[in-house]
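Accompanying notes for the structure given below.
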Amino acid sequence: MNANQETAATQDMIVCRDVHKWFGQFHAVRGITTTVKQGQVVVVFGPSGSGKSTFIRMINRLDEHQKGDIIVDGIELTDDIRNIESIRREVGMVFQSFNLFPHLTVMENITLAPSRVRKWPKDKATEVAMGLLDRVGIPEQATKYPAQLSGGQQQRVAIARALAMQPKIMLFDEPTSALDPEMIKEVLDVMQELAASGMTMIVVTHEMGFAQEVSDRMLMFDHGNIVEDGSPDQIFNNPQEDRTKLFLSQIL
Amino acid sequence: MVANAHSLDSPALPPPRSETGAIGWARENLFNSRFNGVLTVLAAIAIILTLWFSIRWAASEADWKVVTRLGSQFVIGQYNTESACPGQNCAWRPQVGLLLGIFLLGMAWGVAGKSIAKPVALTAAIAVSAMAFVPYSLDRMGWDTRLLLLANLPAVFAGLALARYTPLGNVRGIILAGVAAFSLTLVLLGGWVPGLQPVPVLRWGGLLLNVILAVAGIALSLPIGILLALGRRSHLPVVKTLCVVFIEVFRGVPLITLLFMSQVVVPLAFPQDFSQNSLFRAAIVITLFSSAYMAENIRGGLQSLHPGQAEAARALGLHGWQITFLISLPQAIRNVIPAIVGQFIALFKDTSLVYIIGMLDVVEIGRAFIQGNPEYLASAKELFIFLAIVFWIFTYGMSYVSRRVEQNLGVGTR
Ligand SMILES: Nc1ncnc2c1ncn2[C@@H]1O[C@H](COP(=O)(O)OP(=O)(O)O)[C@@H](O)[C@H]1O
Ligand SMILES: [Mg+2]
């Protein structure tokens with residue numbers, strides 16, 4: 001890290017204070033308090049149903065929290081629609097099932113939000129989109145439809161689509177778990193390059209190789225809360241919690 | 001796998017003769033078991049006998065005089081009779097409407113390029129122009145009528161040129177031109193401009209009437225159905241309730257009943273001039289009836305969408321209406337094209353029911369003719385077979401076009 005990034009990294013991008021979420025009677029997220037600094041790459045892992053997805057979906061308010069505070073890039077998430085809209089412009093999201101728009105070409109998928117939300121002229125949106133397709137390694141697929149691409153290519157388009165809004169934060173919800181094994185690497189490589197460029201990232205994943213190599217910090221989730229928070233080195237070599245040890249022994 | 005291993009050491013041999021061509025196909029599909037073989041033979045005998053008897057009947061026994069006798073009445077009903085249009089020939093007015101329709105098809109060809117639009121536009125233009133060569137003894141058409149029919153061929157190319165070489169060459173241009181052409185046709189038919197002899201709508205008849213009602217119904221019931229479907233999914237209880245009540249009422253009552261009721265109810269809601277107009281009443285009722293079904297088709301399409309689609313759109317910062325009109329509706333409509341076209345076809349056939357409020361659609365023209373001319377009673381079967389074929393040509397055309405559109409959109413594969 002150079003000095004520039006060092007000072008930038010002291011800025012808080014995401015602050016959560018005692019965040020709770022209920023689905024009906026079910027207490028899905030139970031008092032999360034944590035802070036993510038600018039440029040940090042955070043891997044979130046833990047058993048299924050532990051609230052990982054809900055946690056990151058609350059950060060761009062796809063799910064609403066019911067108690068506590070979430071502050072993203074200095075903007076507090078409230079019911080105020082203007083706040084939500086500005087947050088969604090700052091936060092990109094990549095889903096497990098890609099969720100590309102099947103009736104639009106790859107190019108149209110990427111330029112839709114920049115032209116409709118950011119109101120960019122067509123030329124600019126297209127130019128940025130081509131640059132991003134280059135960056136994720138599939139410039140030749142611009143005029144195809146999502147169904148004509150492999151899973152790995154689709155997920156890379158989804159990443160390009162999120163990046164086209166020029167977000168400050170990227171959220172990934174198990175981006176490789178719907179992929180065939182031979183396609184996982186091409187997606188992880190794109191994410192690694194993104195991390196190296198200084199993007200603030202929260203990645204829900206069980207790709208422990210990626211976590212070890214790329215992340216700055218790992219959060220172990222269980223029963224709607226963070227049970228352990230540490231560097232990859234600490235999590236893999238010296239986990240403090242029995243639940244972390246048990247979970248890692250099951251997946252490694 | 002076996003084929004692969006094979007091709008490694010020696011060139012692949014062509015399959016044995018019996019597996020290719022017509023014989024191979026028949027063996028695989030028609031005679032692949034003893035039971036299927038028997039069924040195939042029985043079906044073949046039934047088809048051949050049916051064809052044999054129908055063709056023999058149609059060619060030798062049947063008396064098609066009734067069809068030629070009615071002639072252009074099938075197309076325009078009593079529009080050009082002495083009582084409708086006294087002292088002059090008004091046949092040119094519906095013919096201008098036809099020209100405009102063919103012109104629009106030409107525009108569609110220009111906009112859609114190499115798609116189904118081209119064969120449809122060309123086929124329609126050629127078929128209509130060919131009517132100009134119907135022998136005089138059959139329909140007694142004058143040279144002016146024939147010239148206007150022939151003009152449909154240049155009309156389709158005029159539409160094509162307009163779409164290719166002017167800024168009107170896009171979907172919006174077609175919609176604008178369509179609305180203009182339809183309004184102009186109505187004004188001409190009604191003679192609602194100074195200098196033209198007014199023709200009361202009760203005199204508009206034949207296929208002209210069916211097509212006018214169907215075009216108005218189709219063009220309006222799709223957008224109204226979309227709004228109703230969205231309203232039914234609204235979070236506002238008032239909007240939702242209103243839409244549910246509307247849909248359930250119009251789906252729950254037979255169209256015939258609605259048409260009867262329109263004579264009593266529509267005058268309460270609309271000014272005199274309009275409600276006196278049985279064409280207007282029929283168009284409203286048919287449109288609303290069809291909209292209710294359309295709404296349910298589209299709602300089905302909306303429900304079939306993966307929730308991740310709207311979620312991804314929200315995550316990108318698109319807001320409610322943008323998600324609805326850019327993401328949800330385009331996909332929903334694609335998914336239910338067969339149901340929507342089915343509804344269009346049903347609507348087209350249902351336009352015949354306007355006989356109930358005293359209008360002479362193409363079927364009623366025929367029925368009334370037989371009733372008024374008992375000497376043709378024996379020809380009723382020829383008449384109704386002919387009418388069935390006419391309807392079938394239109395409805396099959398619609399379903400053929402929709403299948404091709406689906407293929408072009410790649411529905412089912414993407
Ligand atoms: N929309 C929802 N309605 C009801 N329960 C939900 C909903 N979304 C998630 N849950 C529940 O909340 C818990 C946490 O879910 P999630 O955040 O998806 O877990 P994870 O991503 O860690 O597997 C699970 O028990 C799940 O069943
Ligand atoms: Mg999850």
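Chain labels run A, B, ... following the order of the structure tokens; each chain numbers its residues from 1, and ligands are numbered from 1 in the order shown.
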Write down, as a VMD selection string, each residue of chain B that has any atom within 7 Å of an atom of chain A, counting only C-alpha atoms.
chain B and resid 308 to 309 312 315 to 318 331 414
Create the file for the chosen residues now, containing N, CA and C atoms and written as a PDB file, in the first residue's frame.
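Wrote it out as selection.pdb, contents follow:
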```
ATOM      1  N   GLY B 308     -35.212 -11.918  -8.422  1.00  0.00           N
ATOM      2  CA  GLY B 308     -33.878 -11.349  -8.562  1.00  0.00           C
ATOM      3  C   GLY B 308     -33.784 -10.278  -9.634  1.00  0.00           C
ATOM      4  N   GLN B 309     -34.696 -10.319 -10.618  1.00  0.00           N
ATOM      5  CA  GLN B 309     -34.665  -9.314 -11.680  1.00  0.00           C
ATOM      6  C   GLN B 309     -34.940  -7.922 -11.126  1.00  0.00           C
ATOM      7  N   ALA B 312     -32.081  -6.841  -8.743  1.00  0.00           N
ATOM      8  CA  ALA B 312     -30.880  -6.348  -9.416  1.00  0.00           C
ATOM      9  C   ALA B 312     -31.121  -4.934  -9.920  1.00  0.00           C
ATOM     10  N   ALA B 315     -30.963  -2.575  -7.025  1.00  0.00           N
ATOM     11  CA  ALA B 315     -29.587  -2.403  -6.567  1.00  0.00           C
ATOM     12  C   ALA B 315     -28.822  -1.453  -7.479  1.00  0.00           C
ATOM     13  N   LEU B 316     -29.243  -1.346  -8.743  1.00  0.00           N
ATOM     14  CA  LEU B 316     -28.570  -0.439  -9.669  1.00  0.00           C
ATOM     15  C   LEU B 316     -29.078   0.991  -9.537  1.00  0.00           C
ATOM     16  N   GLY B 317     -30.094   1.189  -8.694  1.00  0.00           N
ATOM     17  CA  GLY B 317     -30.589   2.540  -8.483  1.00  0.00           C
ATOM     18  C   GLY B 317     -31.775   2.916  -9.351  1.00  0.00           C
ATOM     19  N   LEU B 318     -32.283   1.973 -10.142  1.00  0.00           N
ATOM     20  CA  LEU B 318     -33.497   2.272 -10.925  1.00  0.00           C
ATOM     21  C   LEU B 318     -34.674   2.387  -9.963  1.00  0.00           C
ATOM     22  N   GLN B 331     -40.290  -8.396 -20.017  1.00  0.00           N
ATOM     23  CA  GLN B 331     -40.109  -9.840 -19.833  1.00  0.00           C
ATOM     24  C   GLN B 331     -41.437 -10.539 -19.635  1.00  0.00           C
ATOM     25  N   ARG B 414     -34.098 -17.687 -24.236  1.00  0.00           N
ATOM     26  CA  ARG B 414     -33.308 -16.726 -23.464  1.00  0.00           C
ATOM     27  C   ARG B 414     -34.142 -16.101 -22.376  1.00  0.00           C
TER      28      ARG B 414
END
```
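The contact shell of ligand 2, defined as all polymer residues within 10 Å when only C-alpha atoms and all ligand atoms are used, comprises Phe45, Gly46, Pro47, Ser48, Gly49, Ser50, Gly51, Lys52, Ser53, Thr54, Phe55, Ile56, Arg57, Phe95, Gln96, Asp173, Glu174, Val204 and Thr205 of chain A.
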Restrict the selected residues to all heavy atoms and save them as a tab-separated table (two decimals), in the first residue's frame.
```tsv
chain	number	residue	atom	x	y	z
A	45	PHE	N	-18.16	-15.06	6.05
A	45	PHE	CA	-18.44	-16.49	5.88
A	45	PHE	C	-19.16	-17.00	7.12
A	45	PHE	O	-19.29	-16.29	8.12
A	45	PHE	CB	-17.15	-17.27	5.61
A	45	PHE	CG	-16.22	-17.34	6.80
A	45	PHE	CD1	-16.08	-18.52	7.51
A	45	PHE	CD2	-15.50	-16.23	7.21
A	45	PHE	CE1	-15.23	-18.60	8.61
A	45	PHE	CE2	-14.66	-16.29	8.31
A	45	PHE	CZ	-14.52	-17.48	9.01
A	46	GLY	N	-19.67	-18.22	7.02
A	46	GLY	CA	-20.40	-18.79	8.14
A	46	GLY	C	-21.48	-19.71	7.63
A	46	GLY	O	-21.73	-19.77	6.43
A	47	PRO	N	-22.14	-20.41	8.56
A	47	PRO	CA	-23.11	-21.42	8.12
A	47	PRO	C	-24.28	-20.79	7.36
A	47	PRO	O	-24.57	-19.60	7.50
A	47	PRO	CB	-23.61	-22.04	9.43
A	47	PRO	CG	-22.84	-21.43	10.52
A	47	PRO	CD	-21.97	-20.36	10.01
A	48	SER	N	-24.94	-21.64	6.60
A	48	SER	CA	-26.11	-21.21	5.85
A	48	SER	C	-27.20	-20.75	6.81
A	48	SER	O	-27.41	-21.36	7.86
A	48	SER	CB	-26.59	-22.39	5.01
A	48	SER	OG	-27.79	-22.06	4.39
A	49	GLY	N	-27.87	-19.65	6.47
A	49	GLY	CA	-28.94	-19.14	7.32
A	49	GLY	C	-28.44	-18.29	8.47
A	49	GLY	O	-29.22	-17.89	9.33
A	50	SER	N	-27.14	-17.96	8.49
A	50	SER	CA	-26.61	-17.20	9.62
A	50	SER	C	-26.80	-15.70	9.44
A	50	SER	O	-26.40	-14.92	10.30
A	50	SER	CB	-25.12	-17.53	9.81
A	50	SER	OG	-24.41	-17.25	8.63
A	51	GLY	N	-27.35	-15.27	8.32
A	51	GLY	CA	-27.64	-13.85	8.14
A	51	GLY	C	-26.65	-13.10	7.29
A	51	GLY	O	-26.67	-11.87	7.22
A	52	LYS	N	-25.79	-13.81	6.57
A	52	LYS	CA	-24.77	-13.14	5.75
A	52	LYS	C	-25.41	-12.32	4.64
A	52	LYS	O	-25.10	-11.13	4.45
A	52	LYS	CB	-23.81	-14.18	5.12
A	52	LYS	CG	-23.18	-15.13	6.11
A	52	LYS	CD	-22.25	-16.12	5.45
A	52	LYS	CE	-22.94	-17.07	4.48
A	52	LYS	NZ	-23.85	-18.03	5.12
A	53	SER	N	-26.32	-12.96	3.90
A	53	SER	CA	-26.98	-12.24	2.80
A	53	SER	C	-27.76	-11.06	3.34
A	53	SER	O	-27.70	-9.96	2.80
A	53	SER	CB	-27.92	-13.16	2.05
A	53	SER	OG	-27.20	-14.20	1.45
A	54	THR	N	-28.51	-11.30	4.40
A	54	THR	CA	-29.33	-10.23	4.95
A	54	THR	C	-28.44	-9.05	5.35
A	54	THR	O	-28.78	-7.89	5.11
A	54	THR	CB	-30.12	-10.75	6.17
A	54	THR	OG1	-30.78	-11.96	5.80
A	54	THR	CG2	-31.13	-9.74	6.64
A	55	PHE	N	-27.30	-9.35	5.95
A	55	PHE	CA	-26.38	-8.29	6.37
A	55	PHE	C	-25.96	-7.42	5.18
A	55	PHE	O	-26.09	-6.20	5.22
A	55	PHE	CB	-25.15	-8.92	7.05
A	55	PHE	CG	-24.02	-7.97	7.28
A	55	PHE	CD1	-24.18	-6.84	8.09
A	55	PHE	CD2	-22.77	-8.19	6.69
A	55	PHE	CE1	-23.13	-5.96	8.30
A	55	PHE	CE2	-21.72	-7.30	6.89
A	55	PHE	CZ	-21.90	-6.18	7.70
A	56	ILE	N	-25.49	-8.05	4.09
A	56	ILE	CA	-25.02	-7.18	3.00
A	56	ILE	C	-26.20	-6.55	2.25
A	56	ILE	O	-26.08	-5.46	1.72
A	56	ILE	CB	-24.02	-7.87	2.04
A	56	ILE	CG1	-24.64	-9.00	1.26
A	56	ILE	CG2	-22.77	-8.30	2.76
A	56	ILE	CD1	-23.74	-9.46	0.12
A	57	ARG	N	-27.35	-7.21	2.24
A	57	ARG	CA	-28.50	-6.61	1.56
A	57	ARG	C	-29.04	-5.40	2.32
A	57	ARG	O	-29.71	-4.55	1.73
A	57	ARG	CB	-29.61	-7.65	1.39
A	57	ARG	CG	-29.28	-8.71	0.33
A	57	ARG	CD	-30.15	-9.93	0.49
A	57	ARG	NE	-31.55	-9.58	0.44
A	57	ARG	CZ	-32.26	-9.49	-0.69
A	57	ARG	NH1	-31.68	-9.77	-1.83
A	57	ARG	NH2	-33.51	-9.15	-0.67
A	95	PHE	N	-24.85	-10.75	-7.53
A	95	PHE	CA	-25.66	-11.79	-6.91
A	95	PHE	C	-25.16	-13.19	-7.27
A	95	PHE	O	-24.53	-13.39	-8.31
A	95	PHE	CB	-27.12	-11.67	-7.38
A	95	PHE	CG	-27.75	-10.34	-7.07
A	95	PHE	CD1	-27.57	-9.26	-7.92
A	95	PHE	CD2	-28.51	-10.18	-5.93
A	95	PHE	CE1	-28.16	-8.04	-7.63
A	95	PHE	CE2	-29.10	-8.96	-5.64
A	95	PHE	CZ	-28.92	-7.88	-6.48
A	96	GLN	N	-25.55	-14.13	-6.43
A	96	GLN	CA	-25.21	-15.53	-6.69
A	96	GLN	C	-25.74	-15.99	-8.05
A	96	GLN	O	-25.04	-16.65	-8.81
A	96	GLN	CB	-25.81	-16.39	-5.58
A	96	GLN	CG	-25.56	-17.87	-5.75
A	96	GLN	CD	-26.10	-18.66	-4.58
A	96	GLN	OE1	-26.63	-18.10	-3.62
A	96	GLN	NE2	-25.95	-19.97	-4.65
A	173	ASP	N	-22.57	-11.38	-3.12
A	173	ASP	CA	-23.24	-12.42	-2.35
A	173	ASP	C	-23.01	-13.77	-3.01
A	173	ASP	O	-23.68	-14.13	-3.97
A	173	ASP	CB	-24.74	-12.12	-2.24
A	173	ASP	CG	-25.41	-12.99	-1.19
A	173	ASP	OD1	-24.71	-13.85	-0.61
A	173	ASP	OD2	-26.62	-12.80	-0.94
A	174	GLU	N	-22.04	-14.50	-2.49
A	174	GLU	CA	-21.67	-15.82	-3.04
A	174	GLU	C	-21.57	-15.79	-4.55
A	174	GLU	O	-22.26	-16.54	-5.25
A	174	GLU	CB	-22.69	-16.88	-2.59
A	174	GLU	CG	-22.88	-16.86	-1.08
A	174	GLU	CD	-23.32	-18.20	-0.52
A	174	GLU	OE1	-23.00	-19.23	-1.14
A	174	GLU	OE2	-23.98	-18.21	0.53
A	204	VAL	N	-19.35	-12.15	0.43
A	204	VAL	CA	-19.80	-13.38	1.08
A	204	VAL	C	-19.30	-14.53	0.23
A	204	VAL	O	-19.66	-14.63	-0.95
A	204	VAL	CB	-21.33	-13.44	1.20
A	204	VAL	CG1	-21.77	-14.75	1.85
A	204	VAL	CG2	-21.86	-12.25	1.97
A	205	THR	N	-18.44	-15.37	0.78
A	205	THR	CA	-17.92	-16.47	-0.03
A	205	THR	C	-17.34	-17.55	0.86
A	205	THR	O	-16.99	-17.30	2.02
A	205	THR	CB	-16.82	-15.97	-1.00
A	205	THR	OG1	-16.46	-17.04	-1.88
A	205	THR	CG2	-15.59	-15.49	-0.27
```
Excluding same-chain residues fewer than 3 positions from Ile356 in chain B, what lies within 8 Å of it counting only C-alpha atoms, as a list in words?
Ile256, Leu259, Phe260, Leu353 and Met359 of chain B
Just the selected residues (C-alpha atoms), exported as a PDB file, in the first residue's frame, please.
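This is the output file result_38.pdb:
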```pdb
ATOM      1  CA  ILE B 256     -73.461 -11.008 -24.974  1.00  0.00           C
ATOM      2  CA  LEU B 259     -73.432  -5.945 -25.136  1.00  0.00           C
ATOM      3  CA  PHE B 260     -77.099  -5.943 -24.188  1.00  0.00           C
ATOM      4  CA  LEU B 353     -71.519 -11.048 -31.401  1.00  0.00           C
ATOM      5  CA  MET B 359     -75.093  -4.626 -36.387  1.00  0.00           C
TER       6      MET B 359
END
```
Residues near range 47-64 of chain B, anyone? I mean within 10 Å using only C-alpha atoms, not counting same-chain ones fewer than 3 positions away, as number ranges by chain.
B: 41-44, 67-69, 376, 378-383, 386
Could you save those same residues with N, CA and C atoms as a PDB file, in the first residue's frame?
```
ATOM      1  N   VAL B  41     -51.908 -46.319 -39.645  1.00  0.00           N
ATOM      2  CA  VAL B  41     -52.689 -46.772 -40.795  1.00  0.00           C
ATOM      3  C   VAL B  41     -54.130 -46.288 -40.680  1.00  0.00           C
ATOM      4  N   LEU B  42     -54.729 -46.450 -39.461  1.00  0.00           N
ATOM      5  CA  LEU B  42     -56.112 -46.014 -39.276  1.00  0.00           C
ATOM      6  C   LEU B  42     -56.254 -44.513 -39.528  1.00  0.00           C
ATOM      7  N   ALA B  43     -55.305 -43.731 -38.965  1.00  0.00           N
ATOM      8  CA  ALA B  43     -55.378 -42.282 -39.137  1.00  0.00           C
ATOM      9  C   ALA B  43     -55.261 -41.919 -40.606  1.00  0.00           C
ATOM     10  N   ALA B  44     -54.369 -42.602 -41.301  1.00  0.00           N
ATOM     11  CA  ALA B  44     -54.170 -42.305 -42.721  1.00  0.00           C
ATOM     12  C   ALA B  44     -55.457 -42.575 -43.492  1.00  0.00           C
ATOM     13  N   VAL B  67     -72.106 -17.483 -52.267  1.00  0.00           N
ATOM     14  CA  VAL B  67     -70.920 -16.693 -51.947  1.00  0.00           C
ATOM     15  C   VAL B  67     -70.727 -15.587 -52.977  1.00  0.00           C
ATOM     16  N   THR B  68     -70.859 -15.941 -54.249  1.00  0.00           N
ATOM     17  CA  THR B  68     -70.679 -14.912 -55.273  1.00  0.00           C
ATOM     18  C   THR B  68     -71.833 -13.918 -55.251  1.00  0.00           C
ATOM     19  N   ARG B  69     -73.009 -14.409 -54.900  1.00  0.00           N
ATOM     20  CA  ARG B  69     -74.170 -13.526 -54.837  1.00  0.00           C
ATOM     21  C   ARG B  69     -73.950 -12.425 -53.793  1.00  0.00           C
ATOM     22  N   TYR B 376     -82.299 -19.685 -51.051  1.00  0.00           N
ATOM     23  CA  TYR B 376     -80.898 -20.031 -50.814  1.00  0.00           C
ATOM     24  C   TYR B 376     -80.709 -20.918 -49.582  1.00  0.00           C
ATOM     25  N   ALA B 378     -80.891 -23.933 -48.988  1.00  0.00           N
ATOM     26  CA  ALA B 378     -80.079 -25.130 -49.191  1.00  0.00           C
ATOM     27  C   ALA B 378     -78.593 -24.801 -49.257  1.00  0.00           C
ATOM     28  N   SER B 379     -78.267 -23.535 -49.486  1.00  0.00           N
ATOM     29  CA  SER B 379     -76.857 -23.164 -49.614  1.00  0.00           C
ATOM     30  C   SER B 379     -76.252 -22.720 -48.289  1.00  0.00           C
ATOM     31  N   ALA B 380     -77.008 -22.864 -47.213  1.00  0.00           N
ATOM     32  CA  ALA B 380     -76.499 -22.377 -45.926  1.00  0.00           C
ATOM     33  C   ALA B 380     -75.157 -23.013 -45.578  1.00  0.00           C
ATOM     34  N   LYS B 381     -75.007 -24.323 -45.892  1.00  0.00           N
ATOM     35  CA  LYS B 381     -73.748 -24.949 -45.487  1.00  0.00           C
ATOM     36  C   LYS B 381     -72.575 -24.371 -46.251  1.00  0.00           C
ATOM     37  N   GLU B 382     -72.744 -24.136 -47.546  1.00  0.00           N
ATOM     38  CA  GLU B 382     -71.658 -23.519 -48.301  1.00  0.00           C
ATOM     39  C   GLU B 382     -71.310 -22.157 -47.710  1.00  0.00           C
ATOM     40  N   LEU B 383     -72.360 -21.407 -47.388  1.00  0.00           N
ATOM     41  CA  LEU B 383     -72.145 -20.067 -46.843  1.00  0.00           C
ATOM     42  C   LEU B 383     -71.325 -20.133 -45.557  1.00  0.00           C
ATOM     43  N   PHE B 386     -67.765 -21.219 -45.987  1.00  0.00           N
ATOM     44  CA  PHE B 386     -66.981 -20.101 -46.504  1.00  0.00           C
ATOM     45  C   PHE B 386     -66.619 -19.128 -45.377  1.00  0.00           C
TER      46      PHE B 386
END
```
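Shell of Ala229 in chain B at 10 Å, with only C-alpha atoms counted and residues fewer than 6 places along the chain excluded, is Pro223, Lys240, Cys243, Val244, Ile247, Ser291, Ala292, Tyr293, Met294, Ala295, Glu296, Asn297, Ile298, Arg299, Gly300, Gly301 and Leu302 of chain B.
Proximity to ligand 1 was assessed for A:Lys144, A:Arg135, A:His65, A:His27 counting only C-alpha atoms and all ligand atoms; the smallest distance is recorded for A:His27.
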Secondary structure check, strand (DSSP E) residues of range 1-250 of chain A, as a PyMOL selection string:
chain A and resi 12-23+26-37+41-45+67-72+75-76+91-94+169-173+200-204+217-222+225-230
Determine which residues of range 107-159 of chain A receive a DSSP assignment of alpha helix (DSSP H), computed from the backbone, and state them as an MDAnalysis selection string.
chainID A and resid 107:116 122:135 151:159
Give the answer as one residue: which of A:Leu133, A:Lys185, A:Ile59, A:Gly31 has the shortest atom-to-atom distance to Phe172 in chain A, using only C-alpha atoms?
A:Ile59
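Picture a line from CA of Met107 in chain B to CA of Ile174 in chain B; it runs 6.7 Å.
Using only C-alpha atoms and all ligand atoms for every distance, the candidate list A:Ile14, A:Met58, A:Ile32, A:Met183 yields A:Met58 as the residue closest to ligand 1.
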I'd like the contact shell of Gln343 in chain B - 12 Å cut-off, only C-alpha atoms, skipping same-chain residues fewer than 4 positions apart - returned as a PyMOL selection string.
chain B and resi 214+217-218+221-222+225+286-287+289-298+336-339+347-350+395+398-399
With N, CA, C and O atoms retained, export the selected residues as a compact mmCIF listing (two decimals), in the first residue's frame.
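Contents of part.txt, freshly written:
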```
# COMPACT_ATOMS: atom_id res chain seq x y z
N ALA B 214 -62.10 -5.20 -34.04
CA ALA B 214 -60.95 -5.96 -33.57
C ALA B 214 -59.73 -5.06 -33.41
O ALA B 214 -59.00 -5.15 -32.42
N GLY B 217 -60.24 -2.87 -30.43
CA GLY B 217 -60.18 -3.69 -29.22
C GLY B 217 -58.76 -4.12 -28.90
O GLY B 217 -58.30 -4.02 -27.76
N ILE B 218 -58.03 -4.57 -29.92
CA ILE B 218 -56.66 -5.04 -29.69
C ILE B 218 -55.77 -3.87 -29.27
O ILE B 218 -55.02 -3.95 -28.31
N SER B 221 -57.02 -2.81 -25.67
CA SER B 221 -57.09 -3.72 -24.53
C SER B 221 -55.70 -4.09 -24.02
O SER B 221 -55.54 -4.42 -22.85
N LEU B 222 -54.68 -4.00 -24.86
CA LEU B 222 -53.34 -4.30 -24.35
C LEU B 222 -52.89 -3.27 -23.33
O LEU B 222 -52.58 -3.63 -22.19
N GLY B 225 -55.16 -3.46 -20.29
CA GLY B 225 -54.86 -4.68 -19.54
C GLY B 225 -53.58 -4.53 -18.72
O GLY B 225 -53.51 -4.99 -17.58
N ILE B 286 -66.39 -4.47 -25.98
CA ILE B 286 -65.44 -5.50 -26.39
C ILE B 286 -64.06 -5.20 -25.82
O ILE B 286 -63.36 -6.09 -25.32
N THR B 287 -63.66 -3.91 -25.84
CA THR B 287 -62.35 -3.55 -25.31
C THR B 287 -62.25 -3.85 -23.82
O THR B 287 -61.27 -4.45 -23.36
N PHE B 289 -64.06 -5.87 -21.97
CA PHE B 289 -64.14 -7.31 -21.75
C PHE B 289 -62.78 -7.96 -21.99
O PHE B 289 -62.25 -8.71 -21.17
N SER B 290 -62.17 -7.60 -23.12
CA SER B 290 -60.89 -8.19 -23.47
C SER B 290 -59.78 -7.72 -22.52
O SER B 290 -58.87 -8.49 -22.20
N SER B 291 -59.88 -6.47 -22.06
CA SER B 291 -58.86 -5.94 -21.15
C SER B 291 -58.79 -6.76 -19.86
O SER B 291 -57.71 -6.97 -19.31
N ALA B 292 -59.96 -7.19 -19.39
CA ALA B 292 -59.98 -7.94 -18.14
C ALA B 292 -59.19 -9.24 -18.29
O ALA B 292 -58.39 -9.60 -17.42
N TYR B 293 -59.38 -9.93 -19.42
CA TYR B 293 -58.61 -11.15 -19.66
C TYR B 293 -57.13 -10.82 -19.86
O TYR B 293 -56.24 -11.52 -19.37
N MET B 294 -56.89 -9.75 -20.62
CA MET B 294 -55.51 -9.35 -20.88
C MET B 294 -54.77 -9.09 -19.57
O MET B 294 -53.63 -9.48 -19.39
N ALA B 295 -55.46 -8.41 -18.65
CA ALA B 295 -54.85 -8.08 -17.36
C ALA B 295 -54.39 -9.35 -16.66
O ALA B 295 -53.28 -9.40 -16.12
N GLU B 296 -55.23 -10.38 -16.69
CA GLU B 296 -54.86 -11.60 -16.00
C GLU B 296 -53.71 -12.31 -16.70
O GLU B 296 -52.82 -12.87 -16.06
N ASN B 297 -53.70 -12.27 -18.03
CA ASN B 297 -52.55 -12.85 -18.76
C ASN B 297 -51.26 -12.17 -18.35
O ASN B 297 -50.25 -12.81 -18.09
N ILE B 298 -51.31 -10.84 -18.32
CA ILE B 298 -50.08 -10.09 -18.03
C ILE B 298 -49.68 -10.26 -16.58
O ILE B 298 -48.50 -10.39 -16.27
N VAL B 336 -45.75 -14.29 -22.01
CA VAL B 336 -47.15 -14.66 -22.21
C VAL B 336 -47.66 -14.30 -23.60
O VAL B 336 -48.86 -14.15 -23.80
N ILE B 337 -46.77 -14.16 -24.56
CA ILE B 337 -47.21 -13.85 -25.92
C ILE B 337 -48.28 -14.85 -26.41
O ILE B 337 -49.30 -14.44 -26.97
N PRO B 338 -48.10 -16.16 -26.20
CA PRO B 338 -49.14 -17.07 -26.70
C PRO B 338 -50.51 -16.77 -26.09
O PRO B 338 -51.53 -16.78 -26.80
N ALA B 339 -50.54 -16.47 -24.80
CA ALA B 339 -51.83 -16.17 -24.17
C ALA B 339 -52.41 -14.86 -24.70
O ALA B 339 -53.61 -14.74 -24.93
N LEU B 347 -60.89 -12.28 -29.30
CA LEU B 347 -61.54 -10.99 -29.50
C LEU B 347 -62.04 -10.86 -30.93
O LEU B 347 -63.17 -10.44 -31.18
N PHE B 348 -61.18 -11.24 -31.88
CA PHE B 348 -61.58 -11.13 -33.28
C PHE B 348 -62.84 -11.94 -33.55
O PHE B 348 -63.78 -11.48 -34.19
N LYS B 349 -62.87 -13.16 -33.03
CA LYS B 349 -64.04 -13.99 -33.27
C LYS B 349 -65.27 -13.43 -32.56
O LYS B 349 -66.39 -13.47 -33.08
N ASP B 350 -65.03 -12.87 -31.36
CA ASP B 350 -66.16 -12.34 -30.59
C ASP B 350 -66.81 -11.12 -31.24
O ASP B 350 -67.94 -10.77 -30.89
N THR B 395 -57.41 -15.70 -38.25
CA THR B 395 -56.88 -16.13 -36.96
C THR B 395 -55.60 -16.94 -37.13
O THR B 395 -54.67 -16.80 -36.35
N MET B 398 -52.83 -14.53 -37.52
CA MET B 398 -52.37 -13.96 -36.25
C MET B 398 -51.47 -14.95 -35.51
O MET B 398 -50.43 -14.57 -34.98
N SER B 399 -51.89 -16.21 -35.46
CA SER B 399 -51.09 -17.12 -34.65
C SER B 399 -49.77 -17.43 -35.34
O SER B 399 -48.74 -17.60 -34.69
```
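When atom 21 (O, counted along the ligand's line) of ligand 1 is paired with CA of Val203 in chain A, their separation reads 11.4 Å.
Residue nearest Ser215 in chain A, chosen from A:Leu246, A:Met191, A:Ala142, A:Val227 and counting only C-alpha atoms: A:Met191.
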